[in-house]
Amino acid sequence: MITAREDRRRTFDALPPGVAPESWWGRAWVRVLEARSDGARLARGRAYAEEGRLEAVTVTPGRAVAYVRGSRPRPYRTSVALGTFTDEAWDELLEAVAADPAQLAALLEREVPQALAEALLPGRGDLIPTCSCPDFGRPPCKHAAALCYRLARLVDHDPFVLLLLRGRGERELLDELSRRSAAHAARERPAAASELPGVLARAALAPRSLPPLPAPPAPPAAPGHPPACPDDPAAPDPLALDQLATDAAARAYGLLTTGQDPVGGLGLWQDAARLASAHPTSGLTGAARALYRDLARATGRSTTELARAAAAWRQGGAPALEVLDEPWDPPAGPFDRARPALRAAGLEGFRPHRNHLSGPIRQLRFGRDGRWYPYESSAAAPDDWWPAGAPSTDPVEALTRLRPPAAEGPTGTAW
């Protein structure tokens, strides 16, 4: 059953590139937008919408929010506000719809009744855009314009999006219209007892067999994008909520497709490395840097240690992190086979120590899972080892997968 909270909050996944609205009310929305805006910004915004630069759009009473990808790596948080109706205005509007079968039929067919167009559609100056981008010119900026064009397409397909922006959800509107319509019908003609809804008790209680349940739908190809979170001074940071929602979606996807929880059983340090591994250290956004700082503080480690652990997690998950953190003494057999194989491949100068085979700027670490994990350092910092490639049961293959040695050292030191 849909709750009142769910009914008043709808999230729409990113739409594929598409054409302009086809309905008269969708085109009317665009005319309102274009009547008060800068032509160049609108053109860029329309192009952004058609190119699919918007993430999921979240609509709540009086506001629509989305992240829009611009020229920078981090998307901009953009919203458009539209005034909601008072309870008195809703009462007048719903009474008019319930009393007119033509208007009620149009709304049920997901069309905007002509008689309600003036009340429902925004007027000049009613759409109030905001955006986190640095464009402080006359609104809307191109990101807010892109959201307005996307809203025109959403309203074009489903007028209940417009009604939600005006303050009421689809389920509560349909329930209220059903009640009012029944009241109008009862006033016009009292129902006979035989016309009352229901079934005989013996028919309701008669034994019957139910058909088998249908097969479950196929799982999606990848976890979905989380919805954008509207501004709320009492709510947590929207970027933190976005991170939590993204991680929850990935965890749910793993449970759905494999039946196993990818996070179950992880310790604090393992989970911190897993979370950080989704954000490579090169080119970190401000939000990702804040995430690294918070995770490092929570685990009592430095951000450099966390970056190294994240690189290990990307290399091979929990087994690779164990190789990074815990030296051990393996049996002699793997090393007796590995060193001649390396010499035969022209890879000499590797010295053994515990589970490590170390060269001048390259190293192999033998894991408890029987695989060799490649590491790199630089001439300037020969003891600063960073995970550098995929592991392999063949030590020669693990090293030869790496790029040729470079003077600048491993990519991990960019942190």
# chains A, B, ... in the order shown; residues from 1 in each chain; ligands from 1

$ closest_atom_pairs --of "segment 220-300 of chain A" --to "segment 32-56 of chain A" --cutoff "7 Å" --atoms "only C-alpha atoms" --output "Markdown table"
| residue | atom | partner | partner_atom | distance |
| --- | --- | --- | --- | --- |
| A:His225 | CA | A:Ala56 | CA | 6.8 |
| A:Pro227 | CA | A:Ala56 | CA | 5.7 |
| A:Ala228 | CA | A:Ala56 | CA | 6.8 |

$ write_last_selection --atoms "C-alpha atoms" --output "tab-separated table (two decimals), in the first residue's frame"
chain	number	residue	atom	x	y	z
A	225	HIS	CA	20.69	5.99	-9.44
A	227	PRO	CA	16.88	10.15	-6.14
A	228	ALA	CA	17.90	13.75	-5.53

$ select_by_dssp --residues "segment 11-250 of chain A" --states "alpha helix (DSSP H)" --output "MDAnalysis selection string"
chainID A and resid 24:35 39:50 87:99 101:108 117:120 142:157 160:165 170:188 201:205 238:250

$ residues_around --residues "Leu241 of chain A" --least-positions-apart "5" --cutoff "9 Å" --atoms "only C-alpha atoms" --output "list of chain:residue names"
A:Cys229, A:Pro236, A:Thr246

$ select_by_dssp --residues "segment 60-229 of chain A" --states "strand (DSSP E)" --output "PDB file with all heavy atoms, in the first residue's frame"
ATOM      1  N   THR A  60       8.337  16.722  -5.437  1.00  0.00           N
ATOM      2  CA  THR A  60       7.577  16.804  -4.192  1.00  0.00           C
ATOM      3  C   THR A  60       6.670  18.023  -4.287  1.00  0.00           C
ATOM      4  O   THR A  60       6.823  18.839  -5.202  1.00  0.00           O
ATOM      5  CB  THR A  60       8.521  16.938  -2.986  1.00  0.00           C
ATOM      6  OG1 THR A  60       9.402  18.060  -3.204  1.00  0.00           O
ATOM      7  CG2 THR A  60       9.363  15.688  -2.785  1.00  0.00           C
ATOM      8  N   ARG A  63       8.073  21.539  -5.514  1.00  0.00           N
ATOM      9  CA  ARG A  63       9.488  21.555  -5.899  1.00  0.00           C
ATOM     10  C   ARG A  63       9.859  20.312  -6.702  1.00  0.00           C
ATOM     11  O   ARG A  63       9.359  19.222  -6.425  1.00  0.00           O
ATOM     12  CB  ARG A  63      10.384  21.645  -4.663  1.00  0.00           C
ATOM     13  CG  ARG A  63      11.878  21.835  -4.958  1.00  0.00           C
ATOM     14  CD  ARG A  63      12.652  22.046  -3.670  1.00  0.00           C
ATOM     15  NE  ARG A  63      12.189  23.226  -2.956  1.00  0.00           N
ATOM     16  CZ  ARG A  63      12.652  24.449  -3.193  1.00  0.00           C
ATOM     17  NH1 ARG A  63      13.577  24.638  -4.118  1.00  0.00           N
ATOM     18  NH2 ARG A  63      12.199  25.472  -2.498  1.00  0.00           N
ATOM     19  N   ALA A  64      10.752  20.509  -7.681  1.00  0.00           N
ATOM     20  CA  ALA A  64      11.381  19.411  -8.419  1.00  0.00           C
ATOM     21  C   ALA A  64      12.885  19.591  -8.318  1.00  0.00           C
ATOM     22  O   ALA A  64      13.396  20.707  -8.471  1.00  0.00           O
ATOM     23  CB  ALA A  64      10.948  19.402  -9.877  1.00  0.00           C
ATOM     24  N   VAL A  65      13.620  18.492  -8.046  1.00  0.00           N
ATOM     25  CA  VAL A  65      15.062  18.550  -7.813  1.00  0.00           C
ATOM     26  C   VAL A  65      15.745  17.501  -8.684  1.00  0.00           C
ATOM     27  O   VAL A  65      15.233  16.394  -8.856  1.00  0.00           O
ATOM     28  CB  VAL A  65      15.405  18.297  -6.333  1.00  0.00           C
ATOM     29  CG1 VAL A  65      16.905  18.414  -6.105  1.00  0.00           C
ATOM     30  CG2 VAL A  65      14.674  19.279  -5.440  1.00  0.00           C
ATOM     31  N   ALA A  66      16.925  17.841  -9.229  1.00  0.00           N
ATOM     32  CA  ALA A  66      17.726  16.878 -10.003  1.00  0.00           C
ATOM     33  C   ALA A  66      19.174  17.333  -9.987  1.00  0.00           C
ATOM     34  O   ALA A  66      19.481  18.504  -9.730  1.00  0.00           O
ATOM     35  CB  ALA A  66      17.222  16.765 -11.437  1.00  0.00           C
ATOM     36  N   TYR A  67      20.077  16.396 -10.244  1.00  0.00           N
ATOM     37  CA  TYR A  67      21.474  16.714 -10.477  1.00  0.00           C
ATOM     38  C   TYR A  67      21.691  16.784 -11.996  1.00  0.00           C
ATOM     39  O   TYR A  67      21.280  15.883 -12.729  1.00  0.00           O
ATOM     40  CB  TYR A  67      22.401  15.664  -9.861  1.00  0.00           C
ATOM     41  CG  TYR A  67      22.484  15.762  -8.357  1.00  0.00           C
ATOM     42  CD1 TYR A  67      21.852  14.821  -7.548  1.00  0.00           C
ATOM     43  CD2 TYR A  67      23.185  16.795  -7.750  1.00  0.00           C
ATOM     44  CE1 TYR A  67      21.917  14.917  -6.168  1.00  0.00           C
ATOM     45  CE2 TYR A  67      23.259  16.887  -6.371  1.00  0.00           C
ATOM     46  CZ  TYR A  67      22.622  15.945  -5.584  1.00  0.00           C
ATOM     47  OH  TYR A  67      22.695  16.037  -4.223  1.00  0.00           O
ATOM     48  N   VAL A  68      22.358  17.853 -12.458  1.00  0.00           N
ATOM     49  CA  VAL A  68      22.568  18.087 -13.886  1.00  0.00           C
ATOM     50  C   VAL A  68      24.064  18.099 -14.142  1.00  0.00           C
ATOM     51  O   VAL A  68      24.818  18.837 -13.491  1.00  0.00           O
ATOM     52  CB  VAL A  68      21.939  19.425 -14.335  1.00  0.00           C
ATOM     53  CG1 VAL A  68      22.126  19.614 -15.837  1.00  0.00           C
ATOM     54  CG2 VAL A  68      20.458  19.468 -13.982  1.00  0.00           C
ATOM     55  N   TYR A  76      25.698  19.578 -10.886  1.00  0.00           N
ATOM     56  CA  TYR A  76      25.112  20.677 -10.124  1.00  0.00           C
ATOM     57  C   TYR A  76      23.736  20.257  -9.600  1.00  0.00           C
ATOM     58  O   TYR A  76      22.969  19.596 -10.293  1.00  0.00           O
ATOM     59  CB  TYR A  76      24.971  21.922 -11.005  1.00  0.00           C
ATOM     60  CG  TYR A  76      26.295  22.449 -11.506  1.00  0.00           C
ATOM     61  CD1 TYR A  76      26.659  22.319 -12.842  1.00  0.00           C
ATOM     62  CD2 TYR A  76      27.185  23.064 -10.639  1.00  0.00           C
ATOM     63  CE1 TYR A  76      27.878  22.789 -13.306  1.00  0.00           C
ATOM     64  CE2 TYR A  76      28.403  23.540 -11.084  1.00  0.00           C
ATOM     65  CZ  TYR A  76      28.746  23.405 -12.421  1.00  0.00           C
ATOM     66  OH  TYR A  76      29.949  23.874 -12.866  1.00  0.00           O
ATOM     67  N   ARG A  77      23.444  20.689  -8.369  1.00  0.00           N
ATOM     68  CA  ARG A  77      22.143  20.411  -7.764  1.00  0.00           C
ATOM     69  C   ARG A  77      21.186  21.534  -8.146  1.00  0.00           C
ATOM     70  O   ARG A  77      21.389  22.694  -7.805  1.00  0.00           O
ATOM     71  CB  ARG A  77      22.287  20.319  -6.253  1.00  0.00           C
ATOM     72  CG  ARG A  77      21.044  19.777  -5.560  1.00  0.00           C
ATOM     73  CD  ARG A  77      21.344  19.585  -4.066  1.00  0.00           C
ATOM     74  NE  ARG A  77      20.206  18.971  -3.402  1.00  0.00           N
ATOM     75  CZ  ARG A  77      19.156  19.660  -2.966  1.00  0.00           C
ATOM     76  NH1 ARG A  77      19.108  20.979  -3.140  1.00  0.00           N
ATOM     77  NH2 ARG A  77      18.151  19.050  -2.370  1.00  0.00           N
ATOM     78  N   THR A  78      20.140  21.183  -8.876  1.00  0.00           N
ATOM     79  CA  THR A  78      19.238  22.158  -9.475  1.00  0.00           C
ATOM     80  C   THR A  78      17.809  21.875  -9.028  1.00  0.00           C
ATOM     81  O   THR A  78      17.420  20.712  -8.900  1.00  0.00           O
ATOM     82  CB  THR A  78      19.327  22.086 -11.018  1.00  0.00           C
ATOM     83  OG1 THR A  78      20.692  22.260 -11.409  1.00  0.00           O
ATOM     84  CG2 THR A  78      18.476  23.169 -11.653  1.00  0.00           C
ATOM     85  N   SER A  79      17.046  22.947  -8.791  1.00  0.00           N
ATOM     86  CA  SER A  79      15.654  22.763  -8.405  1.00  0.00           C
ATOM     87  C   SER A  79      14.795  23.829  -9.066  1.00  0.00           C
ATOM     88  O   SER A  79      15.287  24.893  -9.463  1.00  0.00           O
ATOM     89  CB  SER A  79      15.491  22.828  -6.874  1.00  0.00           C
ATOM     90  OG  SER A  79      15.777  24.128  -6.399  1.00  0.00           O
ATOM     91  N   VAL A  80      13.503  23.534  -9.187  1.00  0.00           N
ATOM     92  CA  VAL A  80      12.505  24.471  -9.698  1.00  0.00           C
ATOM     93  C   VAL A  80      11.325  24.441  -8.733  1.00  0.00           C
ATOM     94  O   VAL A  80      10.806  23.359  -8.425  1.00  0.00           O
ATOM     95  CB  VAL A  80      12.049  24.093 -11.120  1.00  0.00           C
ATOM     96  CG1 VAL A  80      10.905  25.006 -11.557  1.00  0.00           C
ATOM     97  CG2 VAL A  80      13.195  24.210 -12.101  1.00  0.00           C
ATOM     98  N   ALA A  81      10.917  25.602  -8.246  1.00  0.00           N
ATOM     99  CA  ALA A  81       9.804  25.701  -7.310  1.00  0.00           C
ATOM    100  C   ALA A  81       8.567  26.225  -8.026  1.00  0.00           C
ATOM    101  O   ALA A  81       8.656  27.041  -8.954  1.00  0.00           O
ATOM    102  CB  ALA A  81      10.169  26.633  -6.144  1.00  0.00           C
ATOM    103  N   ILE A 128      10.262  29.195 -10.219  1.00  0.00           N
ATOM    104  CA  ILE A 128      11.382  29.836  -9.525  1.00  0.00           C
ATOM    105  C   ILE A 128      12.546  28.843  -9.489  1.00  0.00           C
ATOM    106  O   ILE A 128      12.528  27.872  -8.730  1.00  0.00           O
ATOM    107  CB  ILE A 128      10.982  30.240  -8.102  1.00  0.00           C
ATOM    108  CG1 ILE A 128       9.757  31.162  -8.148  1.00  0.00           C
ATOM    109  CG2 ILE A 128      12.146  30.922  -7.396  1.00  0.00           C
ATOM    110  CD1 ILE A 128       9.212  31.507  -6.795  1.00  0.00           C
ATOM    111  N   PRO A 129      13.581  29.048 -10.337  1.00  0.00           N
ATOM    112  CA  PRO A 129      14.699  28.096 -10.392  1.00  0.00           C
ATOM    113  C   PRO A 129      15.820  28.475  -9.420  1.00  0.00           C
ATOM    114  O   PRO A 129      16.038  29.653  -9.112  1.00  0.00           O
ATOM    115  CB  PRO A 129      15.173  28.228 -11.845  1.00  0.00           C
ATOM    116  CG  PRO A 129      14.886  29.661 -12.185  1.00  0.00           C
ATOM    117  CD  PRO A 129      13.664  30.068 -11.401  1.00  0.00           C
ATOM    118  N   THR A 130      16.550  27.472  -8.923  1.00  0.00           N
ATOM    119  CA  THR A 130      17.784  27.654  -8.170  1.00  0.00           C
ATOM    120  C   THR A 130      18.779  26.606  -8.634  1.00  0.00           C
ATOM    121  O   THR A 130      18.400  25.528  -9.081  1.00  0.00           O
ATOM    122  CB  THR A 130      17.552  27.517  -6.652  1.00  0.00           C
ATOM    123  OG1 THR A 130      16.988  26.230  -6.388  1.00  0.00           O
ATOM    124  CG2 THR A 130      16.632  28.598  -6.121  1.00  0.00           C
ATOM    125  N   CYS A 131      20.078  26.924  -8.482  1.00  0.00           N
ATOM    126  CA  CYS A 131      21.119  25.989  -8.950  1.00  0.00           C
ATOM    127  C   CYS A 131      22.396  26.252  -8.173  1.00  0.00           C
ATOM    128  O   CYS A 131      22.678  27.387  -7.756  1.00  0.00           O
ATOM    129  CB  CYS A 131      21.357  26.175 -10.454  1.00  0.00           C
ATOM    130  SG  CYS A 131      22.491  24.947 -11.156  1.00  0.00           S
TER     131      CYS A 131
END

$ residues_around --residues "segment 298-315 of chain A" --least-positions-apart "5" --cutoff "10 Å" --atoms "only C-alpha atoms" --output "PyMOL selection string"
chain A and resi 268-281+289+291-293+320-325+373-375+385-391+411-415

$ residues_around --residues "Tyr253 of chain A" --least-positions-apart "6" --cutoff "9 Å" --atoms "only C-alpha atoms" --output "PDB file with C-alpha atoms, in the first residue's frame"
ATOM      1  CA  PRO A 219      17.061  -8.259 -12.311  1.00  0.00           C
ATOM      2  CA  PRO A 220      18.239  -4.931 -13.766  1.00  0.00           C
ATOM      3  CA  ALA A 222      23.058  -2.416 -12.858  1.00  0.00           C
ATOM      4  CA  PRO A 223      22.068  -0.670  -9.612  1.00  0.00           C
ATOM      5  CA  GLY A 224      19.829   2.361 -10.151  1.00  0.00           C
TER       6      GLY A 224
END

$ residues_around --residues "Phe335 of chain A" --least-positions-apart "5" --cutoff "9 Å" --atoms "only C-alpha atoms" --output "list of chain:residue names"
A:Pro330, A:Pro340, A:Pro352, A:Asn355, A:Leu357, A:Phe366

$ residues_around --residues "Trp24 of chain A" --least-positions-apart "2" --cutoff "12 Å" --atoms "only C-alpha atoms" --output "list in words"
Ala20, Pro21, Glu22, Gly26, Arg27, Ala28, Trp29, Val30, Arg31, Glu111, Val112, Pro113, Gln114, Ala117, Leu121, Ala152, Arg153, Val155, Asp156, His157 and Pro159 of chain A

$ write_last_selection --atoms "N, CA and C atoms" --output "CSV table (one decimal), in the first residue's frame"
chain,number,residue,atom,x,y,z
A,20,ALA,N,10.4,17.3,-28.2
A,20,ALA,CA,9.7,18.2,-27.4
A,20,ALA,C,8.3,17.7,-27.0
A,21,PRO,N,7.7,18.3,-26.0
A,21,PRO,CA,6.4,17.8,-25.5
A,21,PRO,C,5.4,17.8,-26.7
A,22,GLU,N,4.4,16.8,-26.7
A,22,GLU,CA,3.5,16.7,-27.8
A,22,GLU,C,2.1,17.2,-27.4
A,26,GLY,N,1.9,20.3,-22.2
A,26,GLY,CA,3.3,20.3,-22.2
A,26,GLY,C,3.9,21.5,-23.0
A,27,ARG,N,3.3,21.8,-24.1
A,27,ARG,CA,3.8,23.0,-24.9
A,27,ARG,C,3.5,24.3,-24.2
A,28,ALA,N,2.4,24.3,-23.4
A,28,ALA,CA,2.1,25.5,-22.7
A,28,ALA,C,3.1,25.8,-21.6
A,29,TRP,N,3.6,24.7,-20.9
A,29,TRP,CA,4.7,24.8,-19.9
A,29,TRP,C,5.9,25.4,-20.6
A,30,VAL,N,6.3,24.9,-21.7
A,30,VAL,CA,7.5,25.5,-22.4
A,30,VAL,C,7.3,26.9,-22.8
A,31,ARG,N,6.1,27.3,-23.2
A,31,ARG,CA,5.9,28.7,-23.5
A,31,ARG,C,6.1,29.6,-22.3
A,111,GLU,N,-5.0,13.3,-19.0
A,111,GLU,CA,-5.1,14.6,-19.7
A,111,GLU,C,-5.4,15.7,-18.8
A,112,VAL,N,-5.0,16.9,-19.2
A,112,VAL,CA,-5.3,18.1,-18.4
A,112,VAL,C,-6.6,18.6,-18.9
A,113,PRO,N,-7.7,18.7,-18.1
A,113,PRO,CA,-8.9,19.2,-18.6
A,113,PRO,C,-8.8,20.7,-19.0
A,114,GLN,N,-9.3,21.1,-20.1
A,114,GLN,CA,-9.2,22.4,-20.6
A,114,GLN,C,-9.7,23.4,-19.6
A,117,ALA,N,-7.0,24.3,-17.0
A,117,ALA,CA,-5.7,24.7,-17.5
A,117,ALA,C,-5.1,26.0,-16.8
A,121,LEU,N,-1.7,25.2,-14.8
A,121,LEU,CA,-0.4,25.5,-15.4
A,121,LEU,C,0.2,26.7,-14.8
A,152,ALA,N,8.8,19.5,-18.5
A,152,ALA,CA,7.7,19.6,-19.5
A,152,ALA,C,7.5,18.2,-20.1
A,153,ARG,N,8.5,17.4,-20.3
A,153,ARG,CA,8.3,16.1,-20.8
A,153,ARG,C,7.6,15.2,-19.8
A,155,VAL,N,5.5,16.2,-17.4
A,155,VAL,CA,4.1,16.6,-17.3
A,155,VAL,C,3.4,16.2,-18.6
A,156,ASP,N,4.1,16.2,-19.7
A,156,ASP,CA,3.5,15.8,-21.0
A,156,ASP,C,3.0,14.3,-20.9
A,157,HIS,N,3.8,13.5,-20.3
A,157,HIS,CA,3.4,12.0,-20.2
A,157,HIS,C,2.4,11.8,-19.0
A,159,PRO,N,0.1,14.1,-16.3
A,159,PRO,CA,-0.3,15.4,-15.7
A,159,PRO,C,-0.3,15.3,-14.2

$ atom_distance --atom1 "atom CA of Arg9 of chain A" --atom2 "atom CA of Thr58 of chain A"
7.0 Å

$ atom_distance --atom1 "atom CA of Val59 of chain A" --atom2 "atom CA of Pro216 of chain A"
28.8 Å

$ closest_residue --among "A:Gly70, A:Pro212, A:Pro140, A:Gly62" --to "Arg168 of chain A" --atoms "only C-alpha atoms"
A:Gly62

$ decode --residues "segment 64-75 of chain A" --atoms "all heavy atoms" --output "mmCIF file, in the first residue's frame"
data_model
loop_
_atom_site.group_PDB
_atom_site.id
_atom_site.type_symbol
_atom_site.label_atom_id
_atom_site.label_comp_id
_atom_site.auth_asym_id
_atom_site.auth_seq_id
_atom_site.Cartn_x
_atom_site.Cartn_y
_atom_site.Cartn_z
ATOM 1 N N ALA A 64 10.752 20.509 -7.681
ATOM 2 C CA ALA A 64 11.381 19.411 -8.419
ATOM 3 C C ALA A 64 12.885 19.591 -8.318
ATOM 4 O O ALA A 64 13.396 20.707 -8.471
ATOM 5 C CB ALA A 64 10.948 19.402 -9.877
ATOM 6 N N VAL A 65 13.620 18.492 -8.046
ATOM 7 C CA VAL A 65 15.062 18.550 -7.813
ATOM 8 C C VAL A 65 15.745 17.501 -8.684
ATOM 9 O O VAL A 65 15.233 16.394 -8.856
ATOM 10 C CB VAL A 65 15.405 18.297 -6.333
ATOM 11 C CG1 VAL A 65 16.905 18.414 -6.105
ATOM 12 C CG2 VAL A 65 14.674 19.279 -5.440
ATOM 13 N N ALA A 66 16.925 17.841 -9.229
ATOM 14 C CA ALA A 66 17.726 16.878 -10.003
ATOM 15 C C ALA A 66 19.174 17.333 -9.987
ATOM 16 O O ALA A 66 19.481 18.504 -9.730
ATOM 17 C CB ALA A 66 17.222 16.765 -11.437
ATOM 18 N N TYR A 67 20.077 16.396 -10.244
ATOM 19 C CA TYR A 67 21.474 16.714 -10.477
ATOM 20 C C TYR A 67 21.691 16.784 -11.996
ATOM 21 O O TYR A 67 21.280 15.883 -12.729
ATOM 22 C CB TYR A 67 22.401 15.664 -9.861
ATOM 23 C CG TYR A 67 22.484 15.762 -8.357
ATOM 24 C CD1 TYR A 67 21.852 14.821 -7.548
ATOM 25 C CD2 TYR A 67 23.185 16.795 -7.750
ATOM 26 C CE1 TYR A 67 21.917 14.917 -6.168
ATOM 27 C CE2 TYR A 67 23.259 16.887 -6.371
ATOM 28 C CZ TYR A 67 22.622 15.945 -5.584
ATOM 29 O OH TYR A 67 22.695 16.037 -4.223
ATOM 30 N N VAL A 68 22.358 17.853 -12.458
ATOM 31 C CA VAL A 68 22.568 18.087 -13.886
ATOM 32 C C VAL A 68 24.064 18.099 -14.142
ATOM 33 O O VAL A 68 24.818 18.837 -13.491
ATOM 34 C CB VAL A 68 21.939 19.425 -14.335
ATOM 35 C CG1 VAL A 68 22.126 19.614 -15.837
ATOM 36 C CG2 VAL A 68 20.458 19.468 -13.982
ATOM 37 N N ARG A 69 24.515 17.271 -15.074
ATOM 38 C CA ARG A 69 25.936 17.202 -15.414
ATOM 39 C C ARG A 69 26.282 18.338 -16.369
ATOM 40 O O ARG A 69 25.754 18.418 -17.476
ATOM 41 C CB ARG A 69 26.270 15.857 -16.055
ATOM 42 C CG ARG A 69 26.029 14.676 -15.146
ATOM 43 C CD ARG A 69 26.567 13.393 -15.751
ATOM 44 N NE ARG A 69 25.970 13.099 -17.036
ATOM 45 C CZ ARG A 69 24.811 12.484 -17.196
ATOM 46 N NH1 ARG A 69 24.122 12.105 -16.145
ATOM 47 N NH2 ARG A 69 24.326 12.253 -18.395
ATOM 48 N N GLY A 70 27.186 19.217 -15.932
ATOM 49 C CA GLY A 70 27.640 20.322 -16.760
ATOM 50 C C GLY A 70 29.036 20.070 -17.277
ATOM 51 O O GLY A 70 29.422 18.942 -17.566
ATOM 52 N N SER A 71 29.835 21.133 -17.337
ATOM 53 C CA SER A 71 31.193 21.011 -17.870
ATOM 54 C C SER A 71 32.186 20.525 -16.826
ATOM 55 O O SER A 71 33.290 20.131 -17.163
ATOM 56 C CB SER A 71 31.655 22.374 -18.416
ATOM 57 O OG SER A 71 31.559 23.369 -17.404
ATOM 58 N N ARG A 72 31.806 20.537 -15.537
ATOM 59 C CA ARG A 72 32.703 20.097 -14.476
ATOM 60 C C ARG A 72 32.388 18.650 -14.083
ATOM 61 O O ARG A 72 31.286 18.178 -14.327
ATOM 62 C CB ARG A 72 32.564 21.014 -13.254
ATOM 63 C CG ARG A 72 32.942 22.469 -13.564
ATOM 64 C CD ARG A 72 32.841 23.335 -12.325
ATOM 65 N NE ARG A 72 33.188 24.736 -12.618
ATOM 66 C CZ ARG A 72 33.180 25.704 -11.711
ATOM 67 N NH1 ARG A 72 32.844 25.438 -10.457
ATOM 68 N NH2 ARG A 72 33.499 26.944 -12.056
ATOM 69 N N PRO A 73 33.353 17.956 -13.434
ATOM 70 C CA PRO A 73 33.102 16.553 -13.084
ATOM 71 C C PRO A 73 31.939 16.383 -12.122
ATOM 72 O O PRO A 73 31.191 15.427 -12.215
ATOM 73 C CB PRO A 73 34.434 16.112 -12.447
ATOM 74 C CG PRO A 73 35.453 17.070 -12.959
ATOM 75 C CD PRO A 73 34.747 18.371 -13.166
ATOM 76 N N ARG A 74 31.786 17.312 -11.171
ATOM 77 C CA ARG A 74 30.719 17.176 -10.179
ATOM 78 C C ARG A 74 29.429 17.785 -10.711
ATOM 79 O O ARG A 74 29.407 18.936 -11.131
ATOM 80 C CB ARG A 74 31.137 17.888 -8.891
ATOM 81 C CG ARG A 74 30.084 17.840 -7.801
ATOM 82 C CD ARG A 74 30.587 18.570 -6.572
ATOM 83 N NE ARG A 74 29.562 18.651 -5.540
ATOM 84 C CZ ARG A 74 29.727 19.270 -4.380
ATOM 85 N NH1 ARG A 74 30.892 19.850 -4.116
ATOM 86 N NH2 ARG A 74 28.752 19.311 -3.502
ATOM 87 N N PRO A 75 28.313 17.038 -10.712
ATOM 88 C CA PRO A 75 27.052 17.602 -11.223
ATOM 89 C C PRO A 75 26.532 18.697 -10.304
ATOM 90 O O PRO A 75 26.865 18.758 -9.121
ATOM 91 C CB PRO A 75 26.107 16.396 -11.256
ATOM 92 C CG PRO A 75 26.668 15.458 -10.253
ATOM 93 C CD PRO A 75 28.150 15.650 -10.267
#
